[in-house]
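Student: See target_16.txt below, with compact mmCIF, C-alpha atoms.
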```txt
# COMPACT_ATOMS: atom_id res chain seq x y z
CA MET A 1 25.44 15.04 -0.32
CA LEU A 2 23.29 14.35 2.71
CA LYS A 3 20.45 16.61 3.69
CA THR A 4 18.64 17.59 6.83
CA LEU A 5 15.21 16.04 7.12
CA ARG A 6 12.84 18.09 9.22
CA PRO A 7 9.30 17.07 10.17
CA PRO A 8 6.88 18.27 7.48
CA ALA A 9 4.02 20.43 8.65
CA VAL A 10 1.60 18.51 6.43
CA SER A 11 1.86 15.40 8.57
CA ALA A 12 0.92 15.31 12.22
CA ASP A 13 2.80 12.04 12.50
CA PHE A 14 6.10 13.84 11.90
CA SER A 15 5.27 16.47 14.48
CA GLU A 16 8.20 16.01 16.86
CA GLN A 17 11.58 17.60 16.18
CA PRO A 18 14.72 15.51 16.67
CA ALA A 19 16.48 16.09 19.96
CA ASP A 20 19.70 16.87 18.11
CA PRO A 21 19.10 18.75 14.85
CA GLN A 22 22.70 18.11 13.80
CA SER A 23 21.97 14.39 13.68
CA ALA A 24 19.08 14.75 11.25
CA CYS A 25 21.06 14.32 8.07
CA ALA A 26 20.83 10.66 7.09
CA SER A 27 18.63 10.63 4.05
CA PRO A 28 20.22 11.33 0.67
CA ASP A 29 19.09 14.34 -1.32
CA ASP A 30 15.65 13.29 -2.51
CA LEU A 31 16.18 14.76 -5.97
CA SER A 32 19.12 12.41 -6.48
CA ARG A 33 16.82 9.39 -6.14
CA ASN A 34 15.97 7.51 -9.31
CA VAL A 35 12.30 7.42 -8.37
CA PHE A 36 9.18 7.00 -10.52
CA GLY A 37 5.54 7.79 -9.89
CA LEU A 38 3.60 4.54 -10.18
CA LEU A 39 -0.19 4.86 -9.86
CA GLY A 40 -0.07 7.41 -7.07
CA ILE A 41 2.98 6.22 -5.13
CA PRO A 42 6.76 6.62 -5.48
CA VAL A 43 8.85 3.58 -6.37
CA ASP A 44 12.65 3.70 -6.50
CA ALA A 45 14.44 1.98 -9.37
CA LEU A 46 17.38 0.32 -7.65
CA ASP A 47 18.91 -3.08 -7.06
CA PHE A 48 19.96 -4.89 -3.89
CA PRO A 49 23.60 -3.67 -3.89
CA SER A 50 22.42 -0.04 -4.19
CA LEU A 51 19.88 -0.57 -1.43
CA LEU A 52 22.46 -2.08 0.92
CA ARG A 53 24.84 0.82 0.23
CA SER A 54 22.07 3.31 1.05
CA MET A 55 21.31 1.50 4.29
CA ASP A 56 25.00 1.45 5.22
CA LEU A 57 25.27 5.18 4.53
CA ALA A 58 22.19 5.89 6.64
CA THR A 59 23.50 3.70 9.47
CA ASN A 60 26.80 5.57 9.53
CA ALA A 61 25.03 8.95 9.42
CA GLY A 62 22.85 7.91 12.35
CA SER A 63 19.59 9.74 11.66
CA PRO A 64 16.11 8.65 10.52
CA PHE A 65 15.93 6.67 7.28
CA LEU A 66 12.51 5.20 6.56
CA ILE A 67 12.14 2.40 4.02
CA SER A 68 8.72 1.41 2.67
CA THR A 69 8.03 -1.78 0.74
CA PRO A 70 4.93 -1.20 -1.41
CA ASN A 71 3.19 -4.23 -2.89
CA VAL A 72 -0.31 -4.60 -4.34
CA ASN A 73 -1.90 -4.29 -0.90
CA PHE A 74 0.04 -1.04 -0.31
CA LEU A 75 -0.99 0.22 -3.74
CA VAL A 76 -4.67 -0.50 -3.12
CA LYS A 77 -4.66 1.00 0.39
CA SER A 78 -2.92 4.12 -0.88
CA GLN A 79 -5.85 4.85 -3.20
CA ILE A 80 -8.33 5.14 -0.34
CA ILE A 81 -6.30 6.03 2.78
CA GLY A 82 -4.50 9.33 2.38
CA THR A 83 -2.41 8.99 5.53
CA PHE A 84 -1.19 5.58 4.42
CA ARG A 85 -0.20 7.01 1.03
CA GLU A 86 1.58 9.83 2.82
CA SER A 87 3.74 7.32 4.68
CA MET A 88 5.23 6.28 1.34
CA LEU A 89 5.48 9.83 0.03
CA LEU A 90 7.53 10.76 3.09
CA SER A 91 9.75 7.66 3.00
CA ASP A 92 13.42 7.82 2.07
CA LEU A 93 13.19 4.74 -0.16
CA CYS A 94 10.22 2.85 -1.62
CA LEU A 95 11.00 -0.65 -2.86
CA ALA A 96 8.90 -2.65 -5.31
CA ASP A 97 7.81 -5.59 -3.14
CA GLY A 98 5.46 -7.45 -5.46
CA MET A 99 5.68 -8.81 -8.97
CA PRO A 100 2.46 -7.07 -10.12
CA LEU A 101 4.21 -3.74 -9.56
CA ILE A 102 7.08 -4.92 -11.75
CA TRP A 103 4.59 -6.00 -14.43
CA ILE A 104 2.81 -2.64 -14.35
CA ALA A 105 6.15 -0.84 -14.57
CA LYS A 106 7.06 -2.91 -17.62
CA LEU A 107 3.74 -2.14 -19.31
CA LEU A 108 4.31 1.57 -18.76
CA GLY A 109 7.96 1.55 -19.82
CA ILE A 110 9.23 2.29 -16.31
CA PRO A 111 12.71 0.82 -15.71
CA ILE A 112 11.95 -0.99 -12.45
CA HIS A 113 13.04 -4.54 -13.13
CA GLU A 114 13.96 -6.08 -9.80
CA ARG A 115 11.55 -7.06 -7.07
CA ILE A 116 12.96 -6.21 -3.64
CA ALA A 117 10.73 -7.94 -1.12
CA GLY A 118 11.06 -7.26 2.59
CA SER A 119 11.62 -10.96 3.24
CA ASP A 120 14.41 -11.06 0.65
CA LEU A 121 15.99 -7.94 2.15
CA PHE A 122 15.98 -9.52 5.61
CA GLY A 123 17.64 -12.57 4.12
CA ARG A 124 20.31 -10.47 2.43
CA LEU A 125 21.01 -8.63 5.67
CA LYS A 126 21.52 -11.97 7.40
CA SER A 127 24.30 -12.80 4.95
CA VAL A 128 27.85 -12.31 6.15
CA ASN A 129 29.23 -8.90 5.15
CA ALA A 130 25.97 -7.99 3.39
CA THR A 131 26.54 -4.33 4.32
CA GLY A 132 30.20 -4.49 5.27
CA ARG A 133 29.58 -5.05 8.96
CA ARG A 134 27.16 -6.73 11.35
CA LEU A 135 23.98 -4.71 11.80
CA ARG A 136 22.36 -4.48 15.21
CA VAL A 137 18.63 -5.16 14.78
CA PHE A 138 15.66 -4.69 17.11
CA LEU A 139 12.71 -6.99 16.34
CA LEU A 140 9.35 -5.39 17.11
CA GLY A 141 6.04 -7.25 16.93
CA GLY A 142 5.06 -10.67 15.67
CA ALA A 143 3.12 -13.31 17.54
CA GLU A 144 4.14 -14.06 21.11
CA GLY A 145 7.58 -15.65 21.30
CA LEU A 146 8.41 -15.45 17.58
CA ALA A 147 10.73 -12.45 17.77
CA ALA A 148 12.63 -13.95 20.69
CA ALA A 149 13.09 -17.22 18.80
CA VAL A 150 14.29 -15.46 15.67
CA GLY A 151 16.58 -13.19 17.69
CA ALA A 152 18.17 -16.16 19.45
CA ARG A 153 18.74 -17.84 16.09
CA LEU A 154 20.37 -14.73 14.65
CA ASN A 155 22.74 -14.47 17.59
CA ALA A 156 23.62 -18.14 17.38
CA GLU A 157 24.81 -17.60 13.82
CA SER A 158 27.78 -15.55 12.68
CA GLY A 159 25.76 -13.75 10.03
CA GLY A 160 25.18 -10.13 9.16
CA LEU A 161 22.53 -9.41 11.83
CA GLU A 162 22.93 -9.23 15.58
CA CYS A 163 19.68 -9.06 17.56
CA VAL A 164 19.99 -6.50 20.35
CA GLY A 165 16.37 -6.48 21.47
CA VAL A 166 12.90 -7.94 20.96
CA LEU A 167 9.51 -6.67 22.03
CA ASN A 168 5.92 -7.61 21.41
CA PRO A 169 3.82 -4.57 22.38
CA GLY A 170 0.60 -6.55 21.96
CA PHE A 171 -2.54 -5.13 20.43
CA GLY A 172 -3.54 -1.53 21.00
CA THR A 173 -3.71 1.91 19.49
CA ILE A 174 -0.70 3.59 17.95
CA GLU A 175 -0.46 5.79 21.04
CA GLU A 176 -0.60 2.81 23.40
CA MET A 177 2.12 1.08 21.41
CA SER A 178 4.24 4.23 21.53
CA SER A 179 4.55 4.64 25.29
CA PRO A 180 7.75 6.17 26.70
CA GLU A 181 8.69 2.76 28.12
CA ILE A 182 8.51 1.12 24.68
CA ILE A 183 10.44 3.88 22.93
CA ASP A 184 13.06 3.98 25.70
CA GLU A 185 13.59 0.23 25.48
CA ILE A 186 14.12 0.42 21.72
CA ASN A 187 16.47 3.39 21.98
CA ALA A 188 18.49 1.82 24.79
CA SER A 189 19.25 -1.17 22.56
CA ASN A 190 21.59 0.94 20.40
CA ALA A 191 20.16 -0.80 17.32
CA ASP A 192 21.00 0.19 13.76
CA LEU A 193 17.76 -1.19 12.34
CA ILE A 194 14.21 -1.52 13.63
CA ALA A 195 12.39 -4.38 11.91
CA VAL A 196 8.65 -3.94 12.49
CA PHE A 197 6.33 -6.92 12.15
CA PHE A 198 2.88 -5.32 12.39
CA GLY A 199 0.24 -5.20 9.68
CA ALA A 200 1.14 -2.77 6.92
CA GLU A 201 -1.19 0.07 7.89
CA LYS A 202 -0.37 -0.05 11.61
CA ALA A 203 3.37 -0.43 10.98
CA GLN A 204 3.56 2.58 8.67
CA ALA A 205 1.48 4.67 11.07
CA TRP A 206 3.62 3.63 14.04
CA LEU A 207 6.86 4.41 12.25
CA LEU A 208 5.66 7.87 11.22
CA HIS A 209 4.20 8.61 14.65
CA ASN A 210 7.52 7.87 16.34
CA HIS A 211 9.81 9.12 13.59
CA TRP A 212 11.65 11.70 15.69
CA ARG A 213 11.51 9.79 18.98
CA LEU A 214 13.37 6.73 17.71
CA ARG A 215 17.18 6.67 17.70
CA PRO A 216 17.95 3.62 15.51
CA PRO A 217 18.53 5.16 12.07
CA VAL A 218 17.13 2.58 9.65
CA ARG A 219 13.55 1.42 10.07
CA ALA A 220 11.19 -0.61 7.93
CA GLN A 221 8.08 -2.78 8.03
CA PHE A 222 8.85 -6.44 7.29
CA GLY A 223 5.34 -7.88 7.71
CA ALA A 224 5.14 -11.65 7.51
CA THR A 225 8.94 -12.06 7.42
CA ILE A 226 8.94 -12.95 11.12
CA ASN A 227 6.73 -15.97 10.39
CA PHE A 228 9.03 -17.14 7.62
CA GLU A 229 12.13 -16.69 9.78
CA ALA A 230 10.55 -18.49 12.73
CA GLY A 231 9.39 -21.34 10.50
CA THR A 232 5.73 -21.07 11.50
CA VAL A 233 4.80 -20.33 7.87
CA ARG A 234 6.67 -21.71 4.87
CA ARG A 235 7.57 -19.22 2.19
CA ALA A 236 6.72 -19.95 -1.44
CA PRO A 237 9.40 -21.64 -3.55
CA PRO A 238 11.57 -19.26 -5.64
CA MET A 239 9.79 -20.29 -8.86
CA LEU A 240 6.41 -19.10 -7.56
CA ARG A 241 7.91 -15.90 -6.15
CA SER A 242 9.60 -15.00 -9.43
CA THR A 243 6.52 -15.68 -11.54
CA GLY A 244 4.13 -13.67 -9.37
CA PHE A 245 2.10 -16.56 -7.97
CA GLU A 246 3.36 -16.36 -4.40
CA TRP A 247 -0.15 -15.31 -3.39
CA LEU A 248 -1.47 -18.80 -4.23
CA TRP A 249 1.08 -20.33 -1.89
CA ARG A 250 0.25 -17.81 0.83
CA ILE A 251 -3.43 -18.75 0.61
CA LYS A 252 -2.47 -22.42 0.89
CA GLU A 253 -0.41 -21.68 3.99
CA GLU A 254 -2.78 -19.11 5.51
CA PRO A 255 -6.29 -19.68 4.07
CA TYR A 256 -7.76 -16.60 5.76
CA LEU A 257 -5.71 -14.43 3.39
CA TRP A 258 -7.96 -15.26 0.44
CA ARG A 259 -10.30 -12.38 1.28
CA ARG A 260 -7.47 -9.84 1.13
CA TYR A 261 -6.10 -11.23 -2.11
CA TRP A 262 -9.56 -11.34 -3.65
CA SER A 263 -10.24 -7.71 -2.70
CA ASP A 264 -6.81 -6.52 -3.79
CA GLY A 265 -7.03 -8.46 -7.05
CA ARG A 266 -10.33 -6.84 -7.99
CA ALA A 267 -8.96 -3.38 -7.18
CA LEU A 268 -5.83 -4.08 -9.20
CA LEU A 269 -7.88 -5.20 -12.19
CA ALA A 270 -9.87 -1.97 -12.01
CA MET A 271 -6.64 0.06 -12.00
CA LEU A 272 -5.35 -1.87 -15.00
CA VAL A 273 -8.51 -1.07 -16.97
CA THR A 274 -9.02 2.54 -15.88
CA SER A 275 -5.40 3.71 -15.59
CA VAL A 276 -2.73 1.38 -16.97
CA LEU A 277 -4.31 0.63 -20.37
CA PRO A 278 -5.18 4.30 -21.08
CA LEU A 279 -1.66 5.31 -20.04
CA MET A 280 -0.16 2.76 -22.42
CA LEU A 281 -2.16 4.33 -25.25
CA SER A 282 -1.14 7.82 -24.15
CA GLU A 283 2.53 6.86 -24.05
CA TRP A 284 2.26 5.51 -27.57
CA ARG A 285 0.65 8.70 -28.84
CA VAL A 286 3.23 11.03 -27.33
CA ARG A 287 6.35 8.96 -28.00
CA ASN A 288 7.54 11.52 -30.58
CA LEU A 289 7.36 14.45 -28.14
CA LYS A 290 10.99 15.14 -27.36
CA LYS A 291 11.68 18.78 -26.51
CA LEU A 292 11.40 20.47 -23.11
CA SER A 293 12.45 23.92 -22.05
CA VAL A 294 12.69 24.92 -18.40
CA ALA A 295 12.39 28.59 -17.46
CA ARG A 296 12.73 30.15 -14.03
CA HIS A 297 10.98 33.32 -12.88
CA GLU A 298 11.62 34.70 -9.41
CA ASP A 299 10.28 37.57 -7.32
CA HIS A 300 10.68 38.54 -3.69
CA GLY A 301 8.33 35.85 -2.38
CA SER A 302 8.20 32.96 -4.84
CA VAL A 303 9.98 31.16 -7.63
CA THR A 304 8.13 29.78 -10.64
CA ILE A 305 9.48 26.96 -12.79
CA ALA A 306 7.80 26.83 -16.20
CA LEU A 307 7.94 23.54 -18.10
CA SER A 308 7.28 23.89 -21.82
CA GLY A 309 7.09 20.74 -23.94
CA ALA A 310 7.36 17.10 -22.92
CA ALA A 311 8.22 16.50 -19.25
CA VAL A 312 9.65 13.03 -19.84
CA ALA A 313 12.56 11.03 -18.45
CA ALA A 314 15.08 12.21 -21.05
CA HIS A 315 14.82 15.74 -19.68
CA ALA A 316 14.64 14.92 -15.96
CA ASP A 317 18.26 15.72 -15.10
CA ALA A 318 18.12 19.19 -16.66
CA ALA A 319 14.87 19.97 -14.85
CA ILE A 320 16.21 18.63 -11.54
CA LYS A 321 19.07 21.13 -11.62
CA GLN A 322 16.63 24.02 -11.96
CA LEU A 323 14.30 22.57 -9.33
CA ARG A 324 17.15 22.06 -6.87
CA ASP A 325 18.25 25.68 -7.32
CA ALA A 326 14.67 26.80 -6.77
CA LEU A 327 14.44 24.75 -3.59
CA ASP A 328 17.68 26.26 -2.35
CA SER A 329 16.12 29.71 -2.59
CA GLY A 330 13.78 28.80 0.25
CA LYS A 331 10.90 30.63 -1.44
CA ARG A 332 7.43 29.44 -2.28
CA MET A 333 7.60 27.21 -5.37
CA VAL A 334 5.12 27.18 -8.24
CA LEU A 335 5.25 24.81 -11.21
CA ASP A 336 3.77 26.41 -14.32
CA VAL A 337 2.56 23.62 -16.62
CA SER A 338 0.42 25.75 -18.92
CA ASN A 339 2.68 24.81 -21.86
CA THR A 340 3.48 21.26 -20.74
CA GLN A 341 2.37 18.69 -23.30
CA TYR A 342 2.86 15.53 -21.27
CA ILE A 343 4.21 14.25 -17.93
CA ASP A 344 5.61 10.75 -17.58
CA ALA A 345 6.27 8.55 -14.54
CA ARG A 346 9.82 9.82 -14.07
CA PHE A 347 8.67 13.42 -13.85
CA PHE A 348 5.90 12.50 -11.45
CA GLY A 349 8.62 10.94 -9.32
CA VAL A 350 10.56 14.20 -9.50
CA PHE A 351 7.45 16.15 -8.49
CA LEU A 352 6.99 13.86 -5.48
CA MET A 353 10.55 14.47 -4.37
CA VAL A 354 10.13 18.25 -4.68
CA ARG A 355 6.93 17.94 -2.68
CA LYS A 356 8.75 15.95 0.00
CA GLN A 357 11.54 18.52 0.23
CA LEU A 358 9.04 21.35 0.52
CA ALA A 359 6.99 19.46 3.10
CA SER A 360 10.10 19.08 5.27
CA ARG A 361 10.03 22.84 5.78
CA GLY A 362 6.28 23.31 5.99
CA GLN A 363 5.68 24.41 2.39
CA LYS A 364 3.49 23.01 -0.36
CA LEU A 365 4.13 22.31 -4.03
CA LEU A 366 1.86 24.52 -6.12
CA PHE A 367 0.79 24.03 -9.73
CA THR A 368 -0.61 26.56 -12.15
CA GLY A 369 -1.89 26.42 -15.73
CA VAL A 370 -3.18 22.83 -15.62
CA SER A 371 -5.15 22.21 -18.81
CA ALA A 372 -8.00 19.73 -19.08
CA GLY A 373 -5.78 17.36 -21.04
CA LEU A 374 -2.97 17.54 -18.50
CA ARG A 375 -5.43 17.09 -15.65
CA ARG A 376 -6.41 13.82 -17.29
CA VAL A 377 -2.75 12.77 -17.24
CA PHE A 378 -2.62 13.48 -13.50
CA ARG A 379 -5.83 11.51 -12.99
CA LEU A 380 -4.74 8.49 -15.04
CA ASN A 381 -1.46 8.34 -13.11
CA ARG A 382 -3.43 8.63 -9.83
CA PHE A 383 -1.64 11.87 -8.89
CA GLU A 384 -4.59 14.22 -9.00
CA PHE A 385 -4.07 14.78 -5.26
CA LEU A 386 -1.00 16.85 -6.21
CA LEU A 387 -3.36 19.44 -7.68
CA SER A 388 -5.12 20.08 -4.38
CA GLN A 389 -2.95 23.19 -3.98
CA GLU A 390 -3.39 24.42 -7.54
CA VAL A 391 -2.93 28.18 -7.98
```
Now, as a test, write the supplied structure out as structure tokens.

Tutor:
Amino acid sequence: MLKTLRPPAVSADFSEQPADPQSACASPDDLSRNVFGLLGIPVDALDFPSLLRSMDLATNAGSPFLISTPNVNFLVKSQIIGTFRESMLLSDLCLADGMPLIWIAKLLGIPIHERIAGSDLFGRLKSVNATGRRLRVFLLGGAEGLAAAVGARLNAESGGLECVGVLNPGFGTIEEMSSPEIIDEINASNADLIAVFFGAEKAQAWLLHNHWRLRPPVRAQFGATINFEAGTVRRAPPMLRSTGFEWLWRIKEEPYLWRRYWSDGRALLAMLVTSVLPLMLSEWRVRNLKKLSVARHEDHGSVTIALSGAAVAAHADAAIKQLRDALDSGKRMVLDVSNTQYIDARFFGVFLMVRKQLASRGQKLLFTGVSAGLRRVFRLNRFEFLLSQEV
């Protein structure tokens, strides 16, 4: 079932209502997503065919569907820039674009096995019948002339993408790059997909800022893909991409990137030591915790869901049913974790989806009964920010 996505009150960037509320129904029910909480961000466990089906569904539905492509740089930025993290929390899909994320998932027993890079996605969309029909794409950003060259090449081929517009808004603030003229030009193109080629932080901010002003349903940040498609930068060979050493090739091609990779690598190492290794030990210690009971208590103003036992993947479906019913009540939601022994990545993903649903109607996810031991679990998983509204 498709749901209505309304702008959440917690984000000023989603402040504008859609012109036609009936059209705001493109994103699948968030609680149906197979999403995991990975060091403070959501990551969906899906493969390319599932992704292409989701994009096709969103295109046919015709309302906003935001795709984020977190890699190590996204992960590092999300730890220090709350608004950037929020752009992923509010996205309709988050794809693992980066082998280190796959490695971390494997270490933590999270079933995310396939890297879905933005560049690979663009390549798949170019394939004939990749989504069952030719997608109309608007190319936004990139160095002067690159988008036009790539657009002309797409239209000269009988592939899966038809370029219906290109624009380089130059350098400026988010507001300057969101002028009525720019938005009108994009909307007039009747595109199905907006491919944004800004830097990660600016692209995510721009997409959120204009979420309800844009008419093309599917939108995503594709970063350096425009350079690869235009041939100004060569992409790493498949062997390097699959083994996680694409960054070495990128430094060879674009030497200035070494500073970013050095900074991100140090931050990633710190996360491995302070979060991933302790979580691996915790998972080993609690592997025999198997039972979970879910109780619901409701009064005139709120509904409380009490989780007693191990909130782990095996029990996610049963908990989701109760959580969905609680969401349907429209009341304030409180999660009572006073008797919760452990929370794994799957349940953190569920919590993030409940939070997203509540945010879409201006409500917050509240926790109560957080013990010192459970608070440590939140901290190790980098989700302590969820406790900011603790009762």

Student: So which one's closest to Phe171 of chain A, A:Glu144, A:Asp192, A:Glu157, A:Asp30? Using all atoms listed in the file, please.

Tutor: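 Closest candidate: A:Glu144.
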
Student: Would you kindly return, as a list in words, each protein, DNA or RNA residue with an atom no farther than 8 Å from any atom of segment 135-142 of chain A, considering all atoms listed in the file and excluding same-chain residues fewer than 5 positions away?

Tutor: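 The residues that qualify are Leu125, Ala147, Gly151, Gly160, Leu161, Glu162, Cys163, Val164, Gly165, Val166, Leu167, Asn168, Pro169, Gly170, Ile186, Ser189, Asn190, Ala191, Asp192, Leu193, Ile194, Ala195, Val196, Phe197, Phe198, Ile226 and Asn227 of chain A.
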
Student: Quick check, in Å to one decimal: how far apart do atom CA of Ala143 of chain A and atom CA of Phe228 of chain A lie?

Tutor: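 Separating atom CA of Ala143 of chain A from atom CA of Phe228 of chain A is a distance of 12.2 Å.
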
Student: With all atoms listed in the file as the counted atoms, please give the residues lying no more than 10 Å from Val76 of chain A, apart from itself and same-chain residues fewer than 6 positions off, as an NGL selection string.

Tutor: :A and (39-40 or 70 or 85 or 263-268 or 271)

Student: List the spatial neighbours of segment 275-286 of chain A as a PDB file with C-alpha atoms, in the coordinates of the input - criterion: any atom at most 12 Å away, all atoms listed in the file, same-chain residues fewer than 6 positions off excluded.

Tutor:
```
ATOM      1  CA  LEU A  38       3.600   4.540 -10.180  1.00  0.00           C
ATOM      2  CA  LEU A  39      -0.190   4.860  -9.860  1.00  0.00           C
ATOM      3  CA  GLY A  40      -0.070   7.410  -7.070  1.00  0.00           C
ATOM      4  CA  LEU A 101       4.210  -3.740  -9.560  1.00  0.00           C
ATOM      5  CA  TRP A 103       4.590  -6.000 -14.430  1.00  0.00           C
ATOM      6  CA  ILE A 104       2.810  -2.640 -14.350  1.00  0.00           C
ATOM      7  CA  ALA A 105       6.150  -0.840 -14.570  1.00  0.00           C
ATOM      8  CA  LYS A 106       7.060  -2.910 -17.620  1.00  0.00           C
ATOM      9  CA  LEU A 107       3.740  -2.140 -19.310  1.00  0.00           C
ATOM     10  CA  LEU A 108       4.310   1.570 -18.760  1.00  0.00           C
ATOM     11  CA  GLY A 109       7.960   1.550 -19.820  1.00  0.00           C
ATOM     12  CA  ILE A 110       9.230   2.290 -16.310  1.00  0.00           C
ATOM     13  CA  ALA A 267      -8.960  -3.380  -7.180  1.00  0.00           C
ATOM     14  CA  LEU A 268      -5.830  -4.080  -9.200  1.00  0.00           C
ATOM     15  CA  LEU A 269      -7.880  -5.200 -12.190  1.00  0.00           C
ATOM     16  CA  GLY A 309       7.090  20.740 -23.940  1.00  0.00           C
ATOM     17  CA  ALA A 310       7.360  17.100 -22.920  1.00  0.00           C
ATOM     18  CA  ALA A 311       8.220  16.500 -19.250  1.00  0.00           C
ATOM     19  CA  VAL A 312       9.650  13.030 -19.840  1.00  0.00           C
ATOM     20  CA  GLN A 341       2.370  18.690 -23.300  1.00  0.00           C
ATOM     21  CA  TYR A 342       2.860  15.530 -21.270  1.00  0.00           C
ATOM     22  CA  ILE A 343       4.210  14.250 -17.930  1.00  0.00           C
ATOM     23  CA  ASP A 344       5.610  10.750 -17.580  1.00  0.00           C
ATOM     24  CA  ALA A 345       6.270   8.550 -14.540  1.00  0.00           C
ATOM     25  CA  GLY A 373      -5.780  17.360 -21.040  1.00  0.00           C
ATOM     26  CA  LEU A 374      -2.970  17.540 -18.500  1.00  0.00           C
ATOM     27  CA  ARG A 376      -6.410  13.820 -17.290  1.00  0.00           C
ATOM     28  CA  VAL A 377      -2.750  12.770 -17.240  1.00  0.00           C
ATOM     29  CA  PHE A 378      -2.620  13.480 -13.500  1.00  0.00           C
ATOM     30  CA  ARG A 379      -5.830  11.510 -12.990  1.00  0.00           C
ATOM     31  CA  LEU A 380      -4.740   8.490 -15.040  1.00  0.00           C
ATOM     32  CA  ASN A 381      -1.460   8.340 -13.110  1.00  0.00           C
ATOM     33  CA  ARG A 382      -3.430   8.630  -9.830  1.00  0.00           C
ATOM     34  CA  PHE A 383      -1.640  11.870  -8.890  1.00  0.00           C
TER      35      PHE A 383
END
```

Student: Quick one, how far is atom CA of Ser78 of chain A from atom CA of Ala306 of chain A?

Tutor: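 Atom CA of Ser78 of chain A sits 29.4 Å away from atom CA of Ala306 of chain A.
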
Student: Work out how far apart atom CA of Glu201 of chain A and atom CA of Ser87 of chain A are and give it in Å to one decimal.

Tutor: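 Taking atom CA of Glu201 of chain A and atom CA of Ser87 of chain A, their separation equals 9.3 Å.
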
Student: If we count only C-alpha atoms, what is near segment 293-301 of chain A at a cut-off of 10 Å, once residues fewer than 2 positions away on the same chain are taken out, given as a VMD selection string?

Tutor: chain A and resid 291 303 to 311 315 318 to 320 322 to 323 325 to 326 329 to 336 339 to 340

Student: Using only the atoms of segment 66-77 of chain A listed in the file, plus 3 Å on each side, state the axis-aligned box centre and edge lengths in Å rounded to one decimal, as JSON.

Tutor:
```
{"center_x": 3.9, "center_y": 0.3, "center_z": 1.1, "size_x": 23.2, "size_y": 15.8, "size_z": 16.9}
```

Student: Do you know which residues are at most 10 Å from Trp247 of chain A counting only C-alpha atoms, after dropping those on the same chain fewer than 2 positions away, and could you put them as a list in words?

Tutor: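 The contact residues come out as Gly98, Ala236, Leu240, Arg241, Gly244, Phe245, Trp249, Arg250, Ile251, Lys252, Glu253, Leu257, Trp258 and Tyr261 of chain A.
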
Student: Every residue with an atom at most 9 Å from (-1.3, 6.5, 13.6) (file coordinates; all atoms listed in the file) is what I'm after, so could you write them as a ChimeraX atom specification?

Tutor: /A:13,83,173-175,201-209

Student: Which residue, A:Phe48, A:Trp212, A:Phe65, A:Phe347, has the smallest gap to Glu114 of chain A when you use all atoms listed in the file?

Tutor: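 The answer is A:Phe48, which sits nearest to Glu114 of chain A.
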
Student: Restricting the calculation to all atoms listed in the file: of A:Ser388, A:Ala200, A:Thr59, A:Pro216, which residue gets closest to Phe84 of chain A?

Tutor: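 Closest to Phe84 of chain A, using all atoms listed in the file: A:Ala200.
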
Student: Can you put N, CA, C and O atoms back into segment 149-157 of chain A and show it as a PDB file, in the coordinates of the input?

Tutor:
```pdb
ATOM      1  N   ALA A 149      12.524 -16.032  19.442  1.00  0.00           N
ATOM      2  CA  ALA A 149      13.090 -17.220  18.800  1.00  0.00           C
ATOM      3  C   ALA A 149      13.976 -16.835  17.618  1.00  0.00           C
ATOM      4  O   ALA A 149      15.081 -17.371  17.442  1.00  0.00           O
ATOM      5  N   VAL A 150      13.506 -15.898  16.818  1.00  0.00           N
ATOM      6  CA  VAL A 150      14.290 -15.460  15.670  1.00  0.00           C
ATOM      7  C   VAL A 150      15.547 -14.738  16.135  1.00  0.00           C
ATOM      8  O   VAL A 150      16.643 -14.935  15.590  1.00  0.00           O
ATOM      9  N   GLY A 151      15.417 -13.892  17.160  1.00  0.00           N
ATOM     10  CA  GLY A 151      16.580 -13.190  17.690  1.00  0.00           C
ATOM     11  C   GLY A 151      17.644 -14.139  18.207  1.00  0.00           C
ATOM     12  O   GLY A 151      18.850 -13.941  17.962  1.00  0.00           O
ATOM     13  N   ALA A 152      17.209 -15.173  18.930  1.00  0.00           N
ATOM     14  CA  ALA A 152      18.170 -16.160  19.450  1.00  0.00           C
ATOM     15  C   ALA A 152      18.871 -16.880  18.313  1.00  0.00           C
ATOM     16  O   ALA A 152      20.082 -17.154  18.376  1.00  0.00           O
ATOM     17  N   ARG A 153      18.140 -17.161  17.244  1.00  0.00           N
ATOM     18  CA  ARG A 153      18.740 -17.840  16.090  1.00  0.00           C
ATOM     19  C   ARG A 153      19.754 -16.940  15.400  1.00  0.00           C
ATOM     20  O   ARG A 153      20.823 -17.398  14.989  1.00  0.00           O
ATOM     21  N   LEU A 154      19.430 -15.661  15.257  1.00  0.00           N
ATOM     22  CA  LEU A 154      20.370 -14.730  14.650  1.00  0.00           C
ATOM     23  C   LEU A 154      21.667 -14.656  15.437  1.00  0.00           C
ATOM     24  O   LEU A 154      22.763 -14.625  14.863  1.00  0.00           O
ATOM     25  N   ASN A 155      21.545 -14.616  16.748  1.00  0.00           N
ATOM     26  CA  ASN A 155      22.740 -14.470  17.590  1.00  0.00           C
ATOM     27  C   ASN A 155      23.544 -15.755  17.683  1.00  0.00           C
ATOM     28  O   ASN A 155      24.727 -15.719  18.046  1.00  0.00           O
ATOM     29  N   ALA A 156      22.900 -16.866  17.376  1.00  0.00           N
ATOM     30  CA  ALA A 156      23.620 -18.140  17.380  1.00  0.00           C
ATOM     31  C   ALA A 156      24.419 -18.331  16.099  1.00  0.00           C
ATOM     32  O   ALA A 156      25.290 -19.211  16.031  1.00  0.00           O
ATOM     33  N   GLU A 157      24.123 -17.527  15.091  1.00  0.00           N
ATOM     34  CA  GLU A 157      24.810 -17.600  13.820  1.00  0.00           C
ATOM     35  C   GLU A 157      25.803 -16.452  13.696  1.00  0.00           C
ATOM     36  O   GLU A 157      25.661 -15.422  14.346  1.00  0.00           O
TER      37      GLU A 157
END
```
